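Peer 1: My questions all concern the structure below.
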Amino acid sequence: MQAAEKEHRDGNYGQCLADCRKAFFVTFETWYDTQRDLDNSSFGLLSDGSRAPYYARSKDYIEKNVKDHFGYVVLDHAQVDQDLTKEGIDHTGFWNVWRLTPQVYRHKAEDKWRVKHDPRLYDEDGFQERSALVLSTMTSILLARQNAHRAARYVEGHGQINAKVNKDANIYDRADKSGAVTHVVPNGKEVWTSYATEGMVDDDWYWWVMYSDKEGEKPVLVFGYVLEDDLILT
């Protein structure tokens, strides 16, 4: 944003718009980068996946539909609007920045920025005014988001806990050992968990787990409940 402000003062309105969009991308669009799902073996089901709509997170969708750098970003508009409301960000201002600036893309911080050349955005008529509007709006958006984050309070620590099964352990569809078994985890294998609950029909404790089975021809990700006695929490 400092670079954008300087470019605007110097009359480089096109570069100002591009720099504002870079700040916009880093703040919002990077979370909808479906390359995150290509990097993530569980395709978006773990925390390092994208927030793009589920249909866009698959390798098949990406291979068929992404034709240039900018196609990797697939916004979930309903989710975006919900997040804007929670953070007290003006919706009209947000979508104005999205419409009035050129698309940019950078998958990782060390990657080169890609900037889409869209001649419509560089029309001389009202160019200075659009640059000023975007610069002012983006600054307001970032300040609103910063204030919302300062006011929020969270529990410290990572949400996932590593664990191992101490024998061949059943993963139940629900917290009920008399119910359906969806998978059997071999003795010593690692699972991830985040919380425990008492059973639906008994007083045993069950941990909700996520297990990645990579031994078969097609790796699968399994969710369900494992009895506490079958786990070693690490």
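By order of appearance in the structure tokens: chains A, B, ..., then residues from 1 within every chain, and ligands from 1 in the order shown.
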For Asp19 in chain A, find every residue with an atom within 10 Å (counting only C-alpha atoms), except residues of its own chain fewer than 6 positions away, and show them as a PyMOL selection string.
Peer 2: chain A and resi 1-5+7+13+25+101-102+104+115+135
Peer 1: For the selection you just gave me, I'd like the residues written to a file as a short mmCIF file (atom, residue, chain, number, x, y, z; two decimals), in the first residue's frame, keeping N, CA and C atoms.
Peer 2:
data_model
loop_
_atom_site.label_atom_id
_atom_site.label_comp_id
_atom_site.auth_asym_id
_atom_site.auth_seq_id
_atom_site.Cartn_x
_atom_site.Cartn_y
_atom_site.Cartn_z
N MET A 1 0.82 -1.20 0.00
CA MET A 1 0.00 0.00 0.00
C MET A 1 0.86 1.26 0.00
N GLN A 2 2.03 1.18 0.62
CA GLN A 2 2.95 2.33 0.57
C GLN A 2 3.41 2.56 -0.87
N ALA A 3 3.68 1.47 -1.57
CA ALA A 3 4.08 1.59 -2.98
C ALA A 3 2.93 2.17 -3.80
N ALA A 4 1.71 1.73 -3.53
CA ALA A 4 0.55 2.22 -4.27
C ALA A 4 0.35 3.71 -4.05
N GLU A 5 0.54 4.14 -2.81
CA GLU A 5 0.37 5.56 -2.50
C GLU A 5 1.41 6.41 -3.25
N GLU A 7 2.96 5.58 -6.08
CA GLU A 7 2.66 5.56 -7.52
C GLU A 7 1.53 6.53 -7.85
N TYR A 13 -0.97 5.83 -12.31
CA TYR A 13 -2.24 5.33 -11.79
C TYR A 13 -2.43 3.83 -12.07
N PHE A 25 -5.02 -9.13 -2.95
CA PHE A 25 -4.76 -10.56 -3.15
C PHE A 25 -4.19 -11.19 -1.89
N THR A 101 -9.57 -3.02 -10.34
CA THR A 101 -8.13 -3.29 -10.37
C THR A 101 -7.83 -4.52 -11.22
N PRO A 102 -6.62 -4.58 -11.81
CA PRO A 102 -6.28 -5.75 -12.62
C PRO A 102 -6.03 -6.98 -11.75
N VAL A 104 -4.24 -10.08 -10.24
CA VAL A 104 -2.84 -10.43 -10.01
C VAL A 104 -2.79 -11.84 -9.45
N VAL A 115 0.57 -10.04 -13.41
CA VAL A 115 -0.44 -8.99 -13.48
C VAL A 115 -1.16 -9.10 -14.81
N LEU A 135 -7.36 3.46 -3.92
CA LEU A 135 -6.36 3.64 -2.87
C LEU A 135 -7.03 3.92 -1.53
#
Peer 1: Find the residues near Arg145 in chain A: any atom within 9 Å, counting only C-alpha atoms, skip ones fewer than 5 places away on the same chain, and give them as an NGL selection string.
Peer 2: :A and (84 or 87-89 or 140 or 150)
Peer 1: Quick check, in Å to one decimal: how far apart do CA of Asp111 in chain A and CA of Asn65 in chain A lie?
Peer 2: 22.1 Å
Peer 1: Could you pull the residues within 9 Å of Arg106 in chain A, counting only C-alpha atoms, minus those fewer than 3 positions along the same chain, as a list in words?
Peer 2: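 Everything that qualifies: Lys22, Phe25, Val26, Thr30, His69, Ala109, Glu110, Asp111, Lys112, Trp113 and Arg114 of chain A.
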Peer 1: Can I get the selection written as an mmCIF file, in the first residue's frame, with N, CA, C and O atoms?
Peer 2:
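To be explicit, this is the file written out as part20.cif:
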data_model
loop_
_atom_site.group_PDB
_atom_site.id
_atom_site.type_symbol
_atom_site.label_atom_id
_atom_site.label_comp_id
_atom_site.auth_asym_id
_atom_site.auth_seq_id
_atom_site.Cartn_x
_atom_site.Cartn_y
_atom_site.Cartn_z
ATOM 1 N N LYS A 22 -2.500 -6.161 -5.380
ATOM 2 C CA LYS A 22 -1.578 -7.082 -4.719
ATOM 3 C C LYS A 22 -1.899 -7.163 -3.222
ATOM 4 O O LYS A 22 -1.906 -8.246 -2.631
ATOM 5 N N PHE A 25 -5.020 -9.132 -2.946
ATOM 6 C CA PHE A 25 -4.761 -10.556 -3.147
ATOM 7 C C PHE A 25 -4.187 -11.192 -1.886
ATOM 8 O O PHE A 25 -4.654 -12.240 -1.429
ATOM 9 N N VAL A 26 -3.159 -10.561 -1.313
ATOM 10 C CA VAL A 26 -2.513 -11.123 -0.126
ATOM 11 C C VAL A 26 -3.485 -11.212 1.043
ATOM 12 O O VAL A 26 -3.455 -12.160 1.836
ATOM 13 N N THR A 30 -5.655 -14.889 -1.798
ATOM 14 C CA THR A 30 -4.729 -16.009 -1.642
ATOM 15 C C THR A 30 -5.381 -17.205 -0.959
ATOM 16 O O THR A 30 -5.008 -18.352 -1.196
ATOM 17 N N HIS A 69 -2.769 -18.119 -15.117
ATOM 18 C CA HIS A 69 -2.460 -17.974 -13.692
ATOM 19 C C HIS A 69 -3.682 -17.565 -12.881
ATOM 20 O O HIS A 69 -3.892 -18.048 -11.756
ATOM 21 N N ALA A 109 5.156 -16.620 -1.603
ATOM 22 C CA ALA A 109 5.733 -15.291 -1.385
ATOM 23 C C ALA A 109 6.966 -15.041 -2.238
ATOM 24 O O ALA A 109 7.239 -13.905 -2.633
ATOM 25 N N GLU A 110 7.710 -16.106 -2.535
ATOM 26 C CA GLU A 110 8.932 -15.931 -3.324
ATOM 27 C C GLU A 110 8.675 -15.939 -4.828
ATOM 28 O O GLU A 110 9.587 -15.711 -5.632
ATOM 29 N N ASP A 111 7.450 -16.206 -5.248
ATOM 30 C CA ASP A 111 7.132 -16.260 -6.670
ATOM 31 C C ASP A 111 7.022 -14.855 -7.277
ATOM 32 O O ASP A 111 6.753 -13.879 -6.574
ATOM 33 N N LYS A 112 7.190 -14.796 -8.576
ATOM 34 C CA LYS A 112 7.019 -13.545 -9.319
ATOM 35 C C LYS A 112 5.538 -13.176 -9.378
ATOM 36 O O LYS A 112 4.673 -14.038 -9.559
ATOM 37 N N TRP A 113 5.233 -11.899 -9.220
ATOM 38 C CA TRP A 113 3.857 -11.441 -9.387
ATOM 39 C C TRP A 113 3.463 -11.494 -10.866
ATOM 40 O O TRP A 113 4.229 -11.074 -11.735
ATOM 41 N N ARG A 114 2.282 -12.013 -11.131
ATOM 42 C CA ARG A 114 1.697 -11.972 -12.471
ATOM 43 C C ARG A 114 0.571 -10.939 -12.456
ATOM 44 O O ARG A 114 -0.277 -10.967 -11.564
#
Peer 1: Would you return as a PyMOL selection string the members of range 89-162 of chain A that DSSP assigns to helix (DSSP H, G or I) on this structure's backbone?
Peer 2: chain A and resi 91-100+119-122+127-151
Peer 1: Keeping only C-alpha atoms, write those residues as a short mmCIF file (atom, residue, chain, number, x, y, z; two decimals), in the first residue's frame.
Peer 2:
data_model
loop_
_atom_site.label_atom_id
_atom_site.label_comp_id
_atom_site.auth_asym_id
_atom_site.auth_seq_id
_atom_site.Cartn_x
_atom_site.Cartn_y
_atom_site.Cartn_z
CA HIS A 91 -19.26 -4.77 0.75
CA THR A 92 -19.58 -2.16 -1.98
CA GLY A 93 -16.05 -0.92 -1.38
CA PHE A 94 -14.66 -4.45 -1.45
CA TRP A 95 -16.28 -5.35 -4.75
CA ASN A 96 -15.32 -1.95 -6.21
CA VAL A 97 -11.65 -2.77 -5.62
CA TRP A 98 -12.21 -6.22 -7.11
CA ARG A 99 -13.81 -4.72 -10.26
CA LEU A 100 -11.57 -1.68 -10.76
CA PRO A 119 -6.93 -2.33 -21.26
CA ARG A 120 -10.41 -1.40 -20.01
CA LEU A 121 -8.97 -0.57 -16.59
CA TYR A 122 -6.49 1.95 -18.01
CA PHE A 127 -8.18 7.35 -14.44
CA GLN A 128 -6.90 9.58 -11.61
CA GLU A 129 -10.25 9.48 -9.80
CA ARG A 130 -10.45 5.69 -10.01
CA SER A 131 -6.91 5.38 -8.69
CA ALA A 132 -7.72 7.68 -5.75
CA LEU A 133 -10.95 5.79 -5.02
CA VAL A 134 -9.26 2.41 -5.01
CA LEU A 135 -6.36 3.64 -2.87
CA SER A 136 -8.69 5.18 -0.30
CA THR A 137 -11.06 2.22 -0.28
CA MET A 138 -8.32 -0.38 0.07
CA THR A 139 -6.80 1.55 2.97
CA SER A 140 -10.19 1.64 4.72
CA ILE A 141 -10.70 -2.08 4.12
CA LEU A 142 -7.33 -2.97 5.64
CA LEU A 143 -7.93 -0.73 8.68
CA ALA A 144 -11.37 -2.28 9.27
CA ARG A 145 -9.93 -5.78 9.02
CA GLN A 146 -7.05 -4.90 11.33
CA ASN A 147 -9.45 -3.52 13.94
CA ALA A 148 -11.63 -6.64 13.73
CA HIS A 149 -8.63 -8.92 14.21
CA ARG A 150 -7.39 -6.90 17.18
CA ALA A 151 -10.78 -7.23 18.86
#
Peer 1: Give the answer as one residue: which of A:Ile232, A:Ala152, A:Leu17, A:Met200 has the shortest atom-to-atom distance to Gly188 in chain A, using only C-alpha atoms?
Peer 2: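 Between A:Ile232, A:Ala152, A:Leu17, A:Met200, the residue approaching Gly188 in chain A most closely is A:Ile232.
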Peer 1: CA of Asp123 in chain A and CA of Gly14 in chain A are how many Å apart?
Peer 2: 9.6 Å
Peer 1: Looking at only C-alpha atoms, which of A:Gln35, A:Asp60, A:Thr85, A:Gly126 is the one that sits closest to Tyr72 in chain A?
Peer 2: A:Gln35
Peer 1: Have a look at CA of Tyr225 in chain A and CA of Asp37 in chain A and let me know their distance in Å, one decimal.
Peer 2: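 CA of Asp37 in chain A lies 25.3 Å from CA of Tyr225 in chain A.
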Peer 1: Using DSSP on the backbone coordinates, identify all residues within range 23-159 of chain A classified as strand (DSSP E or B); present the result as a ChimeraX atom specification.
Peer 2: /A:33,73,104-105,114-115
Peer 1: Which neighbours of Ser194 in chain A fall inside 8 Å, counting only C-alpha atoms, when residues of the same chain fewer than 3 positions from it are skipped, and could you give them as a PyMOL selection string?
Peer 2: chain A and resi 159-161+207-209
